[in-house]
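Structure file run.cif (mmCIF, C-alpha atoms and all ligand atoms) follows.
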data_target
#
loop_
_atom_site.label_atom_id
_atom_site.label_comp_id
_atom_site.auth_asym_id
_atom_site.auth_seq_id
_atom_site.Cartn_x
_atom_site.Cartn_y
_atom_site.Cartn_z
CA MET A 438 0.00 0.00 0.00
CA TRP A 439 1.22 3.52 -0.86
CA ARG A 440 1.68 6.08 1.92
CA LEU A 441 1.36 9.70 0.88
CA TYR A 442 3.11 12.27 3.08
CA GLN A 443 1.04 15.45 2.91
CA PHE A 444 -1.04 18.07 4.72
CA PRO A 445 -4.63 19.04 3.81
CA LEU A 446 -3.84 22.35 2.09
CA CYS A 447 -0.84 21.18 0.02
CA PRO A 448 -2.05 21.60 -3.61
CA PHE A 449 0.62 19.27 -5.01
CA SER A 450 -0.49 16.50 -2.64
CA ARG A 451 -4.11 17.20 -3.63
CA LYS A 452 -3.19 16.71 -7.29
CA LEU A 453 -1.75 13.26 -6.45
CA ARG A 454 -4.72 12.32 -4.28
CA LEU A 455 -7.04 13.11 -7.20
CA LEU A 456 -4.83 11.20 -9.65
CA MET A 457 -4.53 8.11 -7.45
CA SER A 458 -8.27 8.06 -6.76
CA GLU A 459 -9.13 8.47 -10.45
CA LYS A 460 -6.74 5.64 -11.31
CA GLY A 461 -8.01 3.40 -8.49
CA ILE A 462 -4.64 3.22 -6.69
CA PRO A 463 -5.12 2.52 -2.96
CA PHE A 464 -3.19 4.75 -0.53
CA THR A 465 -3.13 5.96 3.03
CA LEU A 466 -2.38 9.50 4.20
CA GLU A 467 0.47 10.44 6.53
CA ARG A 468 0.33 13.95 7.96
CA GLU A 469 3.56 15.84 7.30
CA HIS A 470 4.12 19.55 7.96
CA PRO A 471 7.13 20.80 5.96
CA TRP A 472 7.50 23.69 8.43
CA ASP A 473 8.31 21.20 11.23
CA MET A 474 11.46 20.23 9.26
CA ARG A 475 11.26 16.68 10.64
CA GLU A 476 14.55 14.87 10.19
CA GLY A 477 12.88 11.59 9.22
CA PHE A 478 11.07 13.32 6.38
CA TYR A 479 14.35 14.70 4.95
CA HIS A 480 15.45 11.05 4.56
CA LEU A 481 12.42 10.49 2.30
CA ASN A 482 12.75 13.78 0.40
CA PRO A 483 15.95 15.83 0.79
CA THR A 484 14.09 19.00 -0.30
CA GLY A 485 11.83 18.66 2.78
CA ARG A 486 8.77 19.38 0.61
CA THR A 487 5.46 17.59 0.45
CA PRO A 488 4.38 15.40 -1.26
CA ALA A 489 6.54 12.31 -0.96
CA ILE A 490 5.28 8.77 -1.25
CA THR A 491 6.52 5.38 -0.09
CA HIS A 492 5.67 1.74 -0.77
CA GLU A 493 7.30 -0.40 1.91
CA GLU A 494 6.68 -3.79 0.28
CA ARG A 495 8.21 -2.59 -2.99
CA GLY A 496 11.03 -0.68 -1.26
CA LEU A 497 10.09 2.52 -3.12
CA THR A 498 10.31 6.16 -2.10
CA LEU A 499 9.30 8.84 -4.63
CA ALA A 500 9.22 12.62 -4.30
CA ASP A 501 8.01 15.65 -6.28
CA SER A 502 4.41 15.63 -7.48
CA ARG A 503 5.29 15.73 -11.16
CA ALA A 504 7.79 12.86 -10.92
CA ILE A 505 5.26 10.83 -8.92
CA ALA A 506 2.39 11.59 -11.33
CA GLU A 507 4.51 10.52 -14.31
CA TYR A 508 5.47 7.32 -12.43
CA PHE A 509 1.80 6.37 -11.95
CA GLU A 510 1.01 7.33 -15.53
CA GLU A 511 3.74 4.97 -16.77
CA THR A 512 2.91 2.09 -14.44
CA VAL A 513 -0.91 2.12 -14.09
CA GLN A 514 -2.93 1.70 -17.30
CA LYS A 515 -6.36 2.60 -15.90
CA ASN A 516 -7.69 6.09 -16.80
CA PRO A 517 -4.66 7.52 -18.64
CA MET A 518 -4.21 11.19 -17.73
CA ILE A 519 -1.36 12.20 -20.09
CA ASN A 520 -2.86 10.83 -23.26
CA GLY A 521 -3.26 11.40 -27.02
CA THR A 522 -0.77 12.55 -29.65
CA ALA A 523 2.65 14.00 -28.78
CA ALA A 524 1.11 17.46 -29.34
CA ASN A 525 -1.81 16.64 -27.00
CA ARG A 526 0.62 15.45 -24.32
CA ALA A 527 2.74 18.60 -24.71
CA GLU A 528 -0.41 20.70 -24.20
CA ILE A 529 -1.30 18.73 -21.05
CA ARG A 530 2.23 19.26 -19.67
CA ARG A 531 2.18 22.98 -20.56
CA LEU A 532 -0.99 23.47 -18.53
CA ILE A 533 0.32 21.41 -15.61
CA ALA A 534 3.37 23.71 -15.51
CA LEU A 535 1.09 26.77 -15.72
CA PHE A 536 -0.90 25.72 -12.66
CA ASP A 537 1.93 24.10 -10.66
CA GLU A 538 4.26 27.05 -11.20
CA ASN A 539 2.41 30.25 -12.18
CA PHE A 540 -0.92 29.76 -10.40
CA TYR A 541 0.89 28.41 -7.33
CA GLY A 542 3.40 31.28 -7.29
CA ASP A 543 0.84 34.01 -8.05
CA VAL A 544 -2.11 32.80 -5.98
CA THR A 545 -1.84 29.64 -3.85
CA ALA A 546 1.53 30.30 -2.18
CA PRO A 547 0.72 33.90 -1.11
CA LEU A 548 -2.71 32.81 0.17
CA LEU A 549 -1.12 29.95 2.13
CA MET A 550 1.37 32.42 3.62
CA GLU A 551 -1.24 35.04 4.58
CA ARG A 552 -4.12 32.80 5.66
CA MET A 553 -2.44 29.60 6.91
CA THR A 554 1.24 30.13 7.85
CA LYS A 555 0.64 33.50 9.55
CA ARG A 556 -2.46 32.23 11.36
CA ILE A 557 -1.25 28.90 12.69
CA ILE A 558 2.56 29.06 12.65
CA THR A 559 3.97 32.58 12.99
CA ARG A 560 0.81 34.08 14.55
CA GLU A 561 0.90 37.34 12.60
CA PRO A 562 -2.01 39.21 11.00
CA PRO A 563 -2.41 38.75 7.22
CA ASP A 564 -1.16 41.50 4.92
CA SER A 565 -4.24 42.80 3.10
CA ARG A 566 -2.17 44.13 0.18
CA GLN A 567 -0.74 40.66 -0.48
CA LEU A 568 -4.21 39.14 -0.24
CA ARG A 569 -5.65 41.66 -2.71
CA ALA A 570 -2.78 41.07 -5.15
CA ALA A 571 -3.26 37.27 -4.98
CA MET A 572 -7.00 37.60 -5.56
CA ARG A 573 -6.48 39.92 -8.52
CA LEU A 574 -4.08 37.42 -10.10
CA ALA A 575 -6.53 34.58 -9.36
CA ASP A 576 -9.09 36.53 -11.38
CA GLU A 577 -6.68 36.76 -14.34
CA HIS A 578 -5.99 33.02 -14.18
CA LEU A 579 -9.74 32.33 -14.10
CA ASP A 580 -10.18 34.53 -17.20
CA TYR A 581 -7.76 32.21 -19.01
CA LEU A 582 -9.59 29.16 -17.68
CA ASP A 583 -12.89 30.63 -18.98
CA TYR A 584 -11.24 31.06 -22.38
CA LEU A 585 -9.99 27.44 -22.44
CA ILE A 586 -13.40 26.05 -21.46
CA ASP A 587 -15.03 28.19 -24.18
CA HIS A 588 -12.95 26.29 -26.73
CA ARG A 589 -12.66 22.76 -25.28
CA PRO A 590 -14.68 20.48 -22.99
CA TRP A 591 -11.66 19.92 -20.70
CA LEU A 592 -8.65 22.18 -20.15
CA ALA A 593 -6.25 20.41 -22.51
CA GLY A 594 -8.72 18.93 -25.01
CA SER A 595 -11.58 16.50 -25.40
CA THR A 596 -10.90 14.31 -22.34
CA MET A 597 -10.09 14.92 -18.69
CA SER A 598 -6.33 14.95 -18.08
CA LEU A 599 -3.74 15.63 -15.44
CA ALA A 600 -3.97 19.32 -16.44
CA ASP A 601 -7.53 19.39 -15.06
CA LEU A 602 -6.43 17.68 -11.86
CA ALA A 603 -3.47 20.07 -11.39
CA ALA A 604 -5.73 23.10 -11.94
CA ALA A 605 -8.53 21.80 -9.69
CA ALA A 606 -6.01 21.01 -6.93
CA GLN A 607 -4.59 24.56 -6.94
CA ILE A 608 -8.00 26.23 -7.25
CA SER A 609 -9.48 24.10 -4.45
CA VAL A 610 -6.80 25.32 -2.01
CA ALA A 611 -7.21 28.93 -3.15
CA ASP A 612 -11.01 28.56 -2.75
CA TYR A 613 -10.59 27.05 0.75
CA LEU A 614 -8.50 30.11 1.66
CA GLY A 615 -11.18 32.53 0.39
CA GLY A 616 -9.06 33.70 -2.54
CA ILE A 617 -11.48 32.97 -5.39
CA ASN A 618 -14.29 35.26 -6.46
CA TRP A 619 -16.35 33.15 -8.90
CA ASP A 620 -18.50 36.09 -10.09
CA GLY A 621 -18.16 36.54 -13.84
CA HIS A 622 -16.43 33.18 -14.34
CA GLU A 623 -19.34 30.98 -15.35
CA GLN A 624 -17.26 28.67 -17.58
CA ALA A 625 -14.62 28.10 -14.90
CA ARG A 626 -17.32 27.68 -12.25
CA GLY A 627 -19.13 25.07 -14.39
CA TRP A 628 -15.91 23.13 -15.01
CA TYR A 629 -15.00 23.22 -11.29
CA SER A 630 -18.49 22.18 -10.15
CA VAL A 631 -18.15 19.02 -12.29
CA PHE A 632 -15.00 18.23 -10.29
CA LYS A 633 -16.63 18.95 -6.98
CA SER A 634 -19.18 16.21 -7.70
CA ARG A 635 -16.60 13.52 -8.52
CA PRO A 636 -16.03 10.82 -5.87
CA SER A 637 -12.25 11.54 -6.02
CA PHE A 638 -12.94 15.10 -4.79
CA GLN A 639 -15.17 14.28 -1.82
CA PRO A 640 -12.36 13.51 0.69
CA LEU A 641 -10.69 16.84 -0.17
CA LEU A 642 -13.88 18.84 0.33
CA SER A 643 -14.69 17.27 3.68
CA GLU A 644 -11.19 17.66 5.15
CA ARG A 645 -10.20 20.68 7.26
CA MET A 646 -6.89 22.27 8.23
CA GLU A 647 -6.98 22.93 11.97
CA GLY A 648 -7.37 26.65 12.72
CA VAL A 649 -8.18 27.62 9.12
CA VAL A 650 -11.90 27.82 8.32
CA PRO A 651 -13.04 27.77 4.65
CA PRO A 652 -15.87 29.99 3.33
CA ARG A 653 -19.35 28.43 3.38
CA HIS A 654 -19.49 27.84 -0.40
CA TYR A 655 -16.22 25.82 -0.39
CA ALA A 656 -17.70 22.35 0.13
CA ASP A 657 -21.09 23.09 -1.46
CA VAL A 658 -21.26 21.05 -4.68
CA ASN A 659 -24.01 23.33 -6.03
CA ALA A 660 -22.14 26.61 -5.43
N1 LIG A 701 7.69 20.96 -7.21
C1 LIG A 701 7.21 20.40 -5.96
C2 LIG A 701 6.66 21.52 -5.08
C3 LIG A 701 6.31 21.00 -3.68
C4 LIG A 701 6.05 22.15 -2.71
O1 LIG A 701 6.39 23.32 -2.94
N2 LIG A 701 5.44 21.80 -1.55
C5 LIG A 701 5.21 22.78 -0.52
C6 LIG A 701 3.92 22.46 0.25
S1 LIG A 701 2.49 22.60 -0.75
C7 LIG A 701 6.32 22.68 0.50
O2 LIG A 701 6.66 21.62 0.96
N3 LIG A 701 6.87 23.86 0.88
C8 LIG A 701 7.88 23.93 1.89
C9 LIG A 701 9.19 24.44 1.35
O3 LIG A 701 9.26 24.82 0.17
O4 LIG A 701 10.15 24.41 2.12
C10 LIG A 701 6.16 19.32 -6.26
O5 LIG A 701 5.53 19.40 -7.32
O6 LIG A 701 6.01 18.38 -5.47
#
Just dump the structure as structure tokens.
Ligand SMILES: N[C@@H](CCC(=O)N[C@@H](CS)C(=O)NCC(=O)O)C(=O)O
Amino acid sequence: MWRLYQFPLCPFSRKLRLLMSEKGIPFTLEREHPWDMREGFYHLNPTGRTPAITHEERGLTLADSRAIAEYFEETVQKNPMINGTAANRAEIRRLIALFDENFYGDVTAPLLMERMTKRIITREPPDSRQLRAAMRLADEHLDYLDYLIDHRPWLAGSTMSLADLAAAAQISVADYLGGINWDGHEQARGWYSVFKSRPSFQPLLSERMEGVVPPRHYADVNA
């Protein structure tokens, strides 16, 4: 059985949880807080970052969400998530990079700093300028998502792919932290509400990070 080292608001761990659920790969969750800098965790992943994953019986330890996702894509046939022609696969990987790097850097990371790290770790008030900047950038990213969904049923093409899971994982954390204003983003809202109803998403929606309360609409599948 796989053990996934993560914490509830880690978007990269969420992406893997969605992927493993969609592919029917059984796993258990191990709570890991990167900010604790636990020595044992550095033996699993020298960067000290979540997620990392182990399989004791197979003697395997893997780290970095993209490396782990590619591993499951190559080893588990069910529900391929990086599929199609070479051009289709390049498009999927482009969008994964967009959400893992740009959306995370512009939106998720600042929201995590202002609304999680400062609240439960350093016990400082959030900086409202940083929050406003993150929310403005979230709005720009949602404009692009609206545009994609205007042209395709799923973000990278005609079928659901890892690009959708990467985007939904980042957006779900930003939404939990109150950083998403859905007004005026009907296409993005429609796409995200399809995700919210999937069985793979239910454990994410029902989980809470201690001390950080999501807005009421967060877990509402009809919102
Ligand atoms: N490229 C990495 C990014 C992982 C990452 O940044 N994880 C965050 C938590 S969501 C972390 O551990 N941050 C602590 C740090 O950077 O020291 C991946 O895809 O797994």
Using all atoms listed in the file, tabulate the residues of chain A lying at most 7 Å from any atom of ligand LIG 701 (chain A), each with its closest atom pair and that distance in Å to one decimal, by chain and increasing residue number, as CSV.
residue,atom,partner,partner_atom,distance
A:Leu446,CA,A:LIG701,S1,6.9
A:Cys447,CA,A:LIG701,S1,3.7
A:Pro448,CA,A:LIG701,S1,5.5
A:Phe449,CA,A:LIG701,O5,5.4
A:Pro471,CA,A:LIG701,O2,5.1
A:Trp472,CA,A:LIG701,C8,6.6
A:Gly485,CA,A:LIG701,O4,6.0
A:Arg486,CA,A:LIG701,O2,3.1
A:Thr487,CA,A:LIG701,O2,4.2
A:Pro488,CA,A:LIG701,O6,5.4
A:Ala500,CA,A:LIG701,O6,6.7
A:Asp501,CA,A:LIG701,O6,3.5
A:Ser502,CA,A:LIG701,O6,3.8
A:Arg503,CA,A:LIG701,O5,5.3
A:Asp537,CA,A:LIG701,O5,6.8
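Pairwise distance (CA of Tyr541 (chain A), CA of Gln607 (chain A)) equals 6.7 Å.
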Next on the checklist: Neighbouring residues of Thr596 (chain A) were defined as those with any atom within 12 Å, considering all atoms listed in the file; residues of the same chain fewer than 2 positions away were excluded. Please report them as a PyMOL selection string.
Outcome noted: chain A and resi 516-521+525-526+529+589-594+598-602
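Put simply, CA of Phe536 (chain A) is 23.8 Å away from CA of Gly461 (chain A).
Contact shell of region 563-576 of chain A at 8 Å (all atoms listed in the file; same-chain neighbours under 2 positions omitted): Phe540, Asp543, Val544, Thr545, Pro547, Leu548, Glu551, Arg552, Lys555, Arg556, Glu561, His578, Leu579, Asp580, Gly616, Ile617 and Asn618 of chain A.
When CA of Tyr581 (chain A) is paired with CA of Gln624 (chain A), their separation reads 10.2 Å.
With distances restricted to only C-alpha atoms, A:Leu466 is the closest residue to Leu641 (chain A) from A:Lys460, A:Gly542, A:Leu466, A:Trp439.
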Next on the checklist: If we count all atoms listed in the file and set the cut-off at 6 Å, which residues sit around region 625-636 of chain A, ignoring sequence neighbours fewer than 2 positions away in its own chain? Please answer as a ChimeraX atom specification.
Outcome noted: /A:582-583,622-623,638-639,658
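Of the listed residues A:His480, A:Arg645, A:His492, A:Arg440, the one whose atoms come nearest to Thr465 (chain A) is A:Arg440, with distances taken using all atoms listed in the file.
Nearest to Thr498 (chain A) of all the residues A:Leu456, A:Ala660, A:Leu441, A:Met597 is A:Leu441, counting all atoms listed in the file.
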